[in-house]
file data_16.cif (mmCIF, C-alpha atoms)
data_input
loop_
_atom_site.label_atom_id
_atom_site.label_comp_id
_atom_site.auth_asym_id
_atom_site.auth_seq_id
_atom_site.Cartn_x
_atom_site.Cartn_y
_atom_site.Cartn_z
CA MET A 1 8.35 80.31 -19.51
CA THR A 2 5.37 78.02 -20.02
CA TRP A 3 6.05 74.46 -21.07
CA PRO A 4 3.41 72.69 -23.13
CA VAL A 5 1.16 70.29 -21.20
CA ALA A 6 -0.75 67.34 -22.66
CA ASP A 7 -4.49 67.18 -22.07
CA LEU A 8 -5.63 63.75 -20.91
CA ASP A 9 -9.37 64.34 -21.10
CA ALA A 10 -11.96 62.12 -19.40
CA ILE A 11 -12.60 59.95 -22.46
CA ARG A 12 -8.88 59.38 -23.06
CA ARG A 13 -8.60 58.38 -19.39
CA LEU A 14 -11.52 55.96 -19.75
CA ARG A 15 -9.86 54.43 -22.85
CA ALA A 16 -6.62 53.99 -20.88
CA LEU A 17 -8.49 52.32 -18.02
CA ALA A 18 -10.29 50.00 -20.46
CA ALA A 19 -7.00 49.01 -22.09
CA ALA A 20 -5.76 47.73 -18.73
CA VAL A 21 -8.91 45.80 -17.76
CA PRO A 22 -9.48 42.33 -19.29
CA GLY A 23 -12.44 42.21 -21.63
CA ALA A 24 -13.31 45.86 -21.12
CA ILE A 25 -15.10 47.69 -23.89
CA VAL A 26 -15.47 51.42 -24.44
CA ALA A 27 -18.30 52.75 -26.59
CA GLU A 28 -18.16 56.42 -27.58
CA THR A 29 -20.64 58.82 -29.06
CA VAL A 30 -21.27 62.52 -29.57
CA ILE A 31 -24.57 63.62 -28.06
CA ASP A 32 -26.38 66.62 -29.50
CA ALA A 33 -27.03 68.17 -26.10
CA PRO A 34 -25.01 70.37 -23.74
CA PHE A 35 -22.75 68.77 -21.13
CA ASP A 36 -24.94 69.74 -18.15
CA GLN A 37 -27.97 68.06 -19.70
CA VAL A 38 -26.00 64.90 -20.47
CA TRP A 39 -24.32 64.69 -17.10
CA ALA A 40 -27.60 65.27 -15.27
CA VAL A 41 -28.67 61.87 -16.63
CA ALA A 42 -25.31 60.19 -16.03
CA ALA A 43 -25.03 61.41 -12.43
CA ASP A 44 -28.58 60.44 -11.48
CA LEU A 45 -27.64 56.81 -10.96
CA GLU A 46 -30.65 55.81 -8.86
CA ASP A 47 -33.33 57.06 -11.28
CA GLU A 48 -31.60 56.81 -14.63
CA LEU A 49 -29.29 53.81 -14.56
CA PRO A 50 -32.15 51.25 -14.49
CA ALA A 51 -33.74 53.14 -17.41
CA TYR A 52 -30.85 52.54 -19.79
CA LEU A 53 -29.08 49.44 -18.42
CA PRO A 54 -31.26 46.47 -19.38
CA ASP A 55 -29.89 44.13 -16.68
CA VAL A 56 -30.51 46.50 -13.78
CA ARG A 57 -33.88 46.68 -12.03
CA SER A 58 -32.84 49.06 -9.25
CA PHE A 59 -29.74 50.92 -8.16
CA THR A 60 -29.85 52.31 -4.63
CA ILE A 61 -27.26 54.63 -3.14
CA THR A 62 -26.59 53.38 0.38
CA SER A 63 -23.92 55.87 1.42
CA ARG A 64 -22.35 59.04 0.09
CA ASP A 65 -19.10 60.74 1.13
CA GLY A 66 -18.15 63.50 -1.28
CA GLU A 67 -17.48 61.90 -4.67
CA ARG A 68 -17.43 58.39 -3.14
CA LEU A 69 -20.65 56.41 -3.06
CA GLU A 70 -21.75 52.93 -2.17
CA ALA A 71 -24.71 51.41 -3.97
CA ARG A 72 -26.73 48.22 -4.12
CA ALA A 73 -27.88 46.97 -7.50
CA ARG A 74 -30.59 44.42 -8.20
CA GLY A 75 -31.04 42.73 -11.54
CA TYR A 76 -34.03 41.13 -13.23
CA ALA A 77 -32.47 37.67 -13.01
CA GLY A 78 -32.27 37.96 -9.21
CA LEU A 79 -28.65 39.08 -9.28
CA ARG A 80 -27.53 41.42 -6.52
CA ALA A 81 -24.31 43.36 -6.31
CA CYS A 82 -22.80 46.04 -4.13
CA PHE A 83 -20.90 48.78 -5.95
CA ASP A 84 -18.24 51.23 -4.85
CA VAL A 85 -18.56 54.33 -6.98
CA VAL A 86 -16.48 57.42 -7.70
CA LEU A 87 -18.70 60.10 -9.22
CA ARG A 88 -17.82 63.64 -10.19
CA PRO A 89 -18.72 65.90 -13.15
CA GLY A 90 -17.58 64.16 -16.35
CA TRP A 91 -16.30 61.01 -14.63
CA CYS A 92 -17.90 57.96 -13.02
CA VAL A 93 -16.36 54.58 -12.20
CA MET A 94 -18.36 51.78 -10.55
CA ARG A 95 -16.88 48.57 -9.20
CA SER A 96 -18.64 45.48 -7.89
CA ARG A 97 -17.03 42.16 -7.04
CA PHE A 98 -16.99 41.15 -10.69
CA LEU A 99 -17.88 44.16 -12.80
CA LEU A 100 -16.37 47.48 -13.66
CA GLY A 101 -18.55 50.18 -15.20
CA GLY A 102 -17.69 53.71 -16.17
CA MET A 103 -18.86 56.86 -17.88
CA ALA A 104 -16.89 59.86 -19.09
CA ALA A 105 -17.96 63.07 -20.80
CA PHE A 106 -16.70 66.49 -21.75
CA PRO A 107 -18.24 69.43 -23.61
CA ASP A 108 -17.49 69.86 -27.31
CA GLY A 109 -19.11 73.14 -28.35
CA ASP A 110 -22.89 72.75 -28.00
CA GLN A 111 -22.50 68.98 -28.03
CA THR A 112 -21.06 66.49 -25.57
CA ARG A 113 -18.55 63.71 -26.14
CA PHE A 114 -19.61 60.72 -24.07
CA ALA A 115 -18.26 57.23 -23.42
CA PHE A 116 -19.38 54.12 -21.56
CA LEU A 117 -17.02 51.48 -20.20
CA GLY A 118 -18.06 47.93 -19.40
CA GLY A 119 -15.64 45.34 -18.14
CA THR A 120 -14.79 42.76 -15.55
CA HIS A 121 -11.82 43.27 -13.31
CA LEU A 122 -11.44 39.59 -12.65
CA PRO A 123 -8.04 38.20 -13.62
CA ALA A 124 -8.16 37.10 -17.28
CA GLN A 125 -8.21 33.39 -16.44
CA ARG A 126 -11.22 33.88 -14.13
CA ALA A 127 -13.22 36.18 -16.39
CA THR A 128 -16.12 33.89 -17.22
CA ALA A 129 -18.14 34.17 -20.42
CA PRO A 130 -21.30 35.38 -18.61
CA ALA A 131 -19.35 38.08 -16.76
CA LEU A 132 -17.73 39.23 -20.02
CA ALA A 133 -21.11 39.19 -21.80
CA LEU A 134 -22.68 41.28 -19.04
CA ALA A 135 -19.76 43.70 -19.13
CA GLY A 136 -20.10 43.95 -22.92
CA ARG A 137 -23.80 44.80 -22.66
CA TRP A 138 -22.92 47.69 -20.33
CA ALA A 139 -21.10 49.37 -23.19
CA GLY A 140 -23.27 48.00 -25.99
CA PRO A 141 -25.12 49.98 -28.68
CA LYS A 142 -28.51 49.44 -26.99
CA VAL A 143 -27.29 51.08 -23.81
CA ILE A 144 -25.90 54.06 -25.71
CA THR A 145 -29.19 54.48 -27.62
CA ARG A 146 -31.25 54.26 -24.44
CA PHE A 147 -28.95 56.69 -22.67
CA VAL A 148 -29.17 59.26 -25.49
CA ASP A 149 -32.98 58.86 -25.49
CA ARG A 150 -33.03 59.59 -21.75
CA VAL A 151 -30.92 62.73 -22.29
CA HIS A 152 -33.34 64.03 -24.91
CA GLN A 153 -36.44 63.05 -22.91
CA ARG A 154 -35.06 64.79 -19.86
CA GLY A 155 -34.15 67.86 -21.94
CA ALA A 156 -37.66 67.98 -23.40
CA GLY A 157 -39.26 67.56 -19.99
CA MET B 1 -2.92 57.22 6.55
CA THR B 2 -0.52 59.53 4.68
CA ASP B 3 -1.09 60.32 1.01
CA THR B 4 1.99 58.25 0.20
CA GLY B 5 0.69 55.31 2.22
CA ARG B 6 -2.76 55.60 0.65
CA LEU B 7 -1.27 55.73 -2.84
CA ALA B 8 0.90 52.68 -2.13
CA ARG B 9 -2.21 50.75 -1.04
CA LEU B 10 -4.06 51.85 -4.16
CA VAL B 11 -1.15 50.65 -6.31
CA GLN B 12 -1.20 47.28 -4.57
CA ALA B 13 -4.98 46.97 -5.10
CA ALA B 14 -4.58 47.99 -8.76
CA GLN B 15 -1.83 45.37 -9.16
CA ARG B 16 -4.36 42.76 -7.98
CA GLY B 17 -6.69 43.88 -10.79
CA ASP B 18 -9.03 46.21 -8.84
CA GLY B 19 -10.44 48.50 -11.55
CA LEU B 20 -11.53 51.24 -9.15
CA ALA B 21 -8.04 51.37 -7.66
CA MET B 22 -6.62 51.57 -11.22
CA ALA B 23 -8.92 54.54 -11.86
CA GLU B 24 -7.65 56.25 -8.71
CA VAL B 25 -4.01 55.63 -9.64
CA LEU B 26 -4.85 57.08 -13.05
CA ASP B 27 -6.36 60.17 -11.35
CA ALA B 28 -3.24 60.63 -9.24
CA LEU B 29 -0.91 60.38 -12.26
CA THR B 30 -2.91 62.39 -14.82
CA PRO B 31 -1.42 65.88 -14.14
CA ALA B 32 2.14 64.53 -14.13
CA VAL B 33 1.66 62.50 -17.31
CA GLY B 34 0.39 65.66 -19.03
CA ARG B 35 3.45 67.56 -17.82
CA TRP B 36 5.90 64.84 -18.94
CA CYS B 37 4.37 64.21 -22.38
CA GLY B 38 3.62 67.82 -23.37
CA PRO B 39 7.18 69.08 -24.03
CA ILE B 40 8.29 65.83 -25.73
CA ALA B 41 5.37 64.97 -28.01
CA LEU B 42 4.17 68.56 -28.71
CA GLN B 43 1.30 68.38 -31.27
CA ASP B 44 0.89 64.67 -30.50
CA ALA B 45 1.00 65.24 -26.75
CA ASP B 46 -2.61 64.21 -26.06
CA ASP B 47 -2.16 60.93 -27.96
CA ALA B 48 1.18 60.38 -26.23
CA ALA B 49 -0.38 60.96 -22.82
CA GLN B 50 -3.07 58.38 -23.58
CA GLU B 51 -0.48 55.86 -24.83
CA ALA B 52 1.67 56.56 -21.78
CA MET B 53 -1.23 56.00 -19.40
CA ILE B 54 -2.11 52.72 -21.12
CA ALA B 55 1.52 51.55 -20.81
CA ILE B 56 1.61 52.61 -17.16
CA LEU B 57 -1.63 50.83 -16.18
CA ARG B 58 -0.72 47.70 -18.15
CA GLY B 59 2.76 47.61 -16.66
CA LEU B 60 1.70 48.35 -13.10
CA ARG B 61 1.88 44.69 -12.04
CA GLY B 62 5.62 44.76 -12.71
CA LEU B 63 6.26 47.65 -10.30
CA ARG B 64 8.02 46.06 -7.32
CA ASP B 65 7.98 49.05 -4.93
CA PRO B 66 4.60 50.89 -4.90
CA ALA B 67 6.28 53.89 -3.26
CA ALA B 68 8.35 54.31 -6.45
CA LEU B 69 5.20 54.86 -8.55
CA PHE B 70 5.96 58.36 -9.81
CA GLY B 71 9.59 57.72 -10.74
CA TRP B 72 8.68 54.50 -12.54
CA ALA B 73 5.67 56.09 -14.29
CA ARG B 74 7.82 59.01 -15.42
CA ALA B 75 10.26 56.64 -17.10
CA VAL B 76 7.42 54.82 -18.88
CA ALA B 77 5.74 58.08 -19.94
CA VAL B 78 8.92 59.68 -21.28
CA ARG B 79 9.77 56.60 -23.37
CA GLU B 80 6.19 56.44 -24.73
CA ALA B 81 6.22 60.17 -25.54
CA VAL B 82 9.53 59.83 -27.42
CA ARG B 83 8.15 56.80 -29.32
CA VAL B 84 4.93 58.62 -30.32
CA ALA B 85 6.82 61.79 -31.29
CA ARG B 86 9.35 59.83 -33.39
CA ARG B 87 6.55 58.02 -35.22
CA THR B 88 5.00 61.30 -36.35
CA GLU B 89 8.21 63.17 -37.04
CA ARG B 90 9.33 60.52 -39.49
CA GLU B 91 6.24 61.39 -41.52
CA GLN B 92 6.44 65.16 -40.98
CA PRO B 93 10.04 66.46 -40.94
CA ALA B 94 10.53 69.52 -38.72
CA GLU B 95 10.46 72.82 -40.54
CA LEU B 96 13.40 75.04 -39.62
CA THR B 97 12.32 78.50 -40.75
CA SER B 98 10.53 81.55 -39.30
CA LEU B 99 12.13 81.84 -35.89
CA PRO B 100 10.27 84.03 -33.38
CA ALA B 101 11.74 87.49 -32.83
CA PRO B 102 13.58 88.10 -29.53
CA GLY B 103 11.26 89.42 -26.81
CA ASP B 104 8.13 88.33 -28.64
CA PRO B 105 5.28 88.61 -26.09
CA MET B 106 3.86 85.22 -27.15
CA LEU B 107 6.38 83.44 -24.93
CA ALA B 108 4.47 80.22 -24.62
CA ALA B 109 4.12 79.98 -28.39
CA ASP B 110 7.84 80.75 -28.79
CA ILE B 111 8.84 77.90 -26.50
CA GLN B 112 6.55 75.48 -28.32
CA ASP B 113 8.11 76.59 -31.60
CA VAL B 114 11.69 76.23 -30.33
CA LEU B 115 10.94 72.81 -28.83
CA SER B 116 9.56 71.70 -32.17
CA ARG B 117 13.03 72.28 -33.70
CA LEU B 118 14.62 69.74 -31.36
CA THR B 119 14.46 65.97 -31.71
CA PRO B 120 12.14 64.11 -29.31
CA GLU B 121 15.18 62.74 -27.43
CA HIS B 122 16.61 66.24 -26.97
CA ARG B 123 13.26 67.47 -25.73
CA ALA B 124 13.14 64.55 -23.29
CA VAL B 125 16.59 65.37 -21.93
CA LEU B 126 15.74 69.06 -21.60
CA MET B 127 12.46 68.31 -19.82
CA LEU B 128 14.06 65.80 -17.44
CA ARG B 129 16.81 68.21 -16.48
CA ASP B 130 14.99 71.55 -16.47
CA LEU B 131 11.47 70.58 -15.40
CA GLU B 132 12.10 67.46 -13.35
CA GLY B 133 15.50 68.37 -11.96
CA LEU B 134 17.12 65.00 -12.71
CA ASP B 135 20.87 64.61 -12.79
CA GLU B 136 22.53 63.26 -15.90
CA ARG B 137 23.04 59.74 -14.53
CA THR B 138 19.33 59.39 -13.69
CA ALA B 139 18.25 60.90 -17.02
CA ALA B 140 20.56 58.44 -18.79
CA ALA B 141 19.12 55.46 -16.94
CA LEU B 142 15.59 56.62 -17.71
CA LEU B 143 16.29 57.05 -21.44
CA ARG B 144 18.30 53.79 -21.45
CA VAL B 145 21.34 55.47 -22.96
CA PRO B 146 24.92 55.82 -21.61
CA ALA B 147 25.47 58.82 -19.29
CA GLY B 148 27.97 60.31 -21.73
CA THR B 149 25.32 60.29 -24.45
CA VAL B 150 22.92 62.19 -22.19
CA LYS B 151 25.61 64.72 -21.41
CA SER B 152 26.27 65.37 -25.08
CA ARG B 153 22.55 65.37 -25.93
CA LEU B 154 21.93 67.86 -23.13
CA ALA B 155 24.75 70.10 -24.26
CA ARG B 156 23.39 70.00 -27.83
CA ALA B 157 19.78 70.52 -26.65
CA ARG B 158 20.71 73.49 -24.47
CA ALA B 159 22.96 75.02 -27.11
CA SER B 160 20.27 74.54 -29.74
CA PHE B 161 17.59 75.92 -27.40
CA ARG B 162 19.71 78.97 -26.53
CA LYS B 163 20.63 79.58 -30.16
CA GLU B 164 17.00 79.40 -31.28
CA TRP B 165 15.86 81.49 -28.32
CA GLN B 166 18.40 84.26 -28.93
CA ALA B 167 18.11 84.29 -32.71
#
call {"tool": "encode", "arguments": {"input": "data_16.cif", "output": "structure tokens"}}
result
Amino acid sequence: MTWPVADLDAIRRLRALAAAVPGAIVAETVIDAPFDQVWAVAADLEDELPAYLPDVRSFTITSRDGERLEARARGYAGLRACFDVVLRPGWCVMRSRFLLGGMAAFPDGDQTRFAFLGGTHLPAQRATAPALALAGRWAGPKVITRFVDRVHQRGAG
Amino acid sequence: MTDTGRLARLVQAAQRGDGLAMAEVLDALTPAVGRWCGPIALQDADDAAQEAMIAILRGLRGLRDPAALFGWARAVAVREAVRVARRTEREQPAELTSLPAPGDPMLAADIQDVLSRLTPEHRAVLMLRDLEGLDERTAAALLRVPAGTVKSRLARARASFRKEWQA
């Protein structure tokens, strides 16, 4: 006797997380590339993240323990932040003192469903306008466009 | 630290607004939420599971005892699944024809079909008793209905299930 089970895929989980985080935004797209090609870009945080996130100049992994990473980010405006990261195929969540970032993906035929999350996990009353603006840019249309470009460039290369 | 102790600390961090801890609580609950919502919301189960997870994460601050996470989350998920299933079933009344033949090898499909002939509340009662092993008093508290109502709903759900199954 097999009871039906609901499928809470990675993008649904990212939506649920965003709904609980003040000011969080999720941007979704379907990328015309297979999952492995898409996730190769998403998982390569050190090389790829500065290529599609306009505020980030460098992102350096400082420690790695299975799917848990620590990283140091530097921005163009002199901002520095340390991130705790959980990274596994189809799922990535990054947390600094102020920001929460995330990516989720799953295969859909020959294509890939992909989502970005940008948010601040400060309590609502402390979520400043600049922090919310930065979080919004993390899941903005420019970031999605740049990310998709990187997927296709990497696939062509 | 034990898994229980680690989970309790994650819940406390998530209650303080730590997004990474929220993501880890979400990871821990995902299989169970899928199991709770599937039999109740059926074709809307994936939507129900998402709605349930949103309600759980948003309501997490109100959970007084972090060790009670799973019991509390189950109550939230079951109520959300019933709500989502009711919303759809008002628009699409259940069709009560073409019962599966006894001994049909597509057992999983048979069960899905039989469940679809029960109301969301009956499915919730059946799932809580037969999958989760709750007693009637606990099932009643979770569904926010009097224990006697659960007893009668369970009797009707089981009778209906058996009747459909043996038809």
call {"tool": "interface_residues", "arguments": {"input": "data_16.cif", "of": "chain A", "to": "chain B", "cutoff": "9 Å", "atoms": "all atoms listed in the file", "output": "MDAnalysis selection string"}}
result
chainID A and resid 1:9 12:21 84:86 93:95 99:100 119:123
call {"tool": "residues_around", "arguments": {"input": "data_16.cif", "residues": "Ala105 of chain A", "least_positions_apart": "5", "cutoff": "8 Å", "atoms": "only C-alpha atoms", "output": "ChimeraX atom specification"}}
result
/A:10-11,35,39,90-91,112-115
call {"tool": "atom_distance", "arguments": {"input": "data_16.cif", "atom1": "atom CA of Asp108 of chain A", "atom2": "atom CA of Val30 of chain A"}}
result
8.6 Å
call {"tool": "resolve_selection", "arguments": {"input": "data_16.cif", "expression": "the PyMOL selection byres ((chain A and resi 38) around 10)", "output": "list in words"}}
result
Ile31, Asp32, Ala33, Pro34, Phe35, Asp36, Gln37, Trp39, Ala40, Val41, Ala42, Ala43, Gly90, Ala105, Phe106, Pro107, Gln111, Thr112, Arg113, Phe114, Phe147, Val148, Arg150, Val151, His152, Arg154 and Gly155 of chain A
call {"tool": "resolve_selection", "arguments": {"input": "data_16.cif", "expression": "the PyMOL selection byres ((chain A and resi 27) around 7)", "output": "number ranges by chain"}}
result
A: 25-26, 28-29, 115-117, 139-140
call {"tool": "decode", "arguments": {"input": "data_16.cif", "residues": "segment 26-37 of chain B", "atoms": "all heavy atoms", "output": "compact mmCIF listing (two decimals), in the first residue's frame"}}
result
# COMPACT_ATOMS: atom_id res chain seq x y z
N LEU B 26 13.94 23.74 7.21
CA LEU B 26 13.16 23.37 6.02
C LEU B 26 13.64 22.02 5.47
O LEU B 26 12.83 21.14 5.16
CB LEU B 26 13.32 24.49 5.00
CG LEU B 26 12.55 24.47 3.69
CD1 LEU B 26 12.39 25.91 3.17
CD2 LEU B 26 13.23 23.66 2.64
N ASP B 27 14.96 21.85 5.38
CA ASP B 27 15.53 20.57 4.90
C ASP B 27 15.05 19.41 5.77
O ASP B 27 14.67 18.36 5.27
CB ASP B 27 17.06 20.61 4.98
CG ASP B 27 17.69 21.31 3.79
OD1 ASP B 27 16.98 21.54 2.79
OD2 ASP B 27 18.89 21.64 3.87
N ALA B 28 15.11 19.64 7.09
CA ALA B 28 14.76 18.55 8.03
C ALA B 28 13.29 18.17 7.91
O ALA B 28 12.93 17.00 8.08
CB ALA B 28 15.09 18.99 9.46
N LEU B 29 12.43 19.16 7.60
CA LEU B 29 10.98 18.90 7.57
C LEU B 29 10.46 18.45 6.21
O LEU B 29 9.36 17.90 6.12
CB LEU B 29 10.23 20.17 7.98
CG LEU B 29 10.29 20.56 9.46
CD1 LEU B 29 9.64 21.94 9.65
CD2 LEU B 29 9.59 19.54 10.34
N THR B 30 11.24 18.68 5.15
CA THR B 30 10.72 18.45 3.79
C THR B 30 10.13 17.05 3.57
O THR B 30 9.00 16.92 3.08
CB THR B 30 11.81 18.77 2.75
OG1 THR B 30 12.03 20.18 2.77
CG2 THR B 30 11.39 18.37 1.34
N PRO B 31 10.85 15.95 3.92
CA PRO B 31 10.24 14.63 3.67
C PRO B 31 8.92 14.44 4.41
O PRO B 31 7.96 13.90 3.86
CB PRO B 31 11.31 13.64 4.18
CG PRO B 31 12.58 14.42 4.23
CD PRO B 31 12.20 15.83 4.52
N ALA B 32 8.87 14.89 5.66
CA ALA B 32 7.65 14.71 6.45
C ALA B 32 6.49 15.53 5.89
O ALA B 32 5.35 15.05 5.81
CB ALA B 32 7.91 15.07 7.91
N VAL B 33 6.77 16.76 5.48
CA VAL B 33 5.71 17.60 4.92
C VAL B 33 5.13 16.95 3.65
O VAL B 33 3.92 16.95 3.43
CB VAL B 33 6.24 19.04 4.64
CG1 VAL B 33 5.25 19.84 3.79
CG2 VAL B 33 6.48 19.76 5.96
N GLY B 34 6.01 16.36 2.84
CA GLY B 34 5.55 15.65 1.65
C GLY B 34 4.65 14.47 2.01
O GLY B 34 3.64 14.21 1.35
N ARG B 35 5.01 13.77 3.08
CA ARG B 35 4.25 12.60 3.53
C ARG B 35 2.89 13.03 4.11
O ARG B 35 1.88 12.37 3.89
CB ARG B 35 5.07 11.90 4.61
CG ARG B 35 5.07 10.40 4.55
CD ARG B 35 6.09 9.78 5.49
NE ARG B 35 6.17 10.35 6.82
CZ ARG B 35 7.28 10.89 7.33
NH1 ARG B 35 8.39 10.93 6.64
NH2 ARG B 35 7.28 11.36 8.56
N TRP B 36 2.86 14.14 4.84
CA TRP B 36 1.61 14.60 5.46
C TRP B 36 0.65 15.17 4.41
O TRP B 36 -0.56 14.95 4.49
CB TRP B 36 1.91 15.69 6.51
CG TRP B 36 2.71 15.22 7.67
CD1 TRP B 36 2.70 13.96 8.25
CD2 TRP B 36 3.69 15.98 8.41
NE1 TRP B 36 3.59 13.92 9.29
CE2 TRP B 36 4.21 15.13 9.42
CE3 TRP B 36 4.17 17.29 8.34
CZ2 TRP B 36 5.19 15.54 10.33
CZ3 TRP B 36 5.13 17.71 9.23
CH2 TRP B 36 5.63 16.84 10.22
N CYS B 37 1.19 15.94 3.45
CA CYS B 37 0.30 16.64 2.51
C CYS B 37 -0.17 15.74 1.37
O CYS B 37 -1.26 15.97 0.83
CB CYS B 37 1.02 17.86 1.94
SG CYS B 37 1.32 19.13 3.17
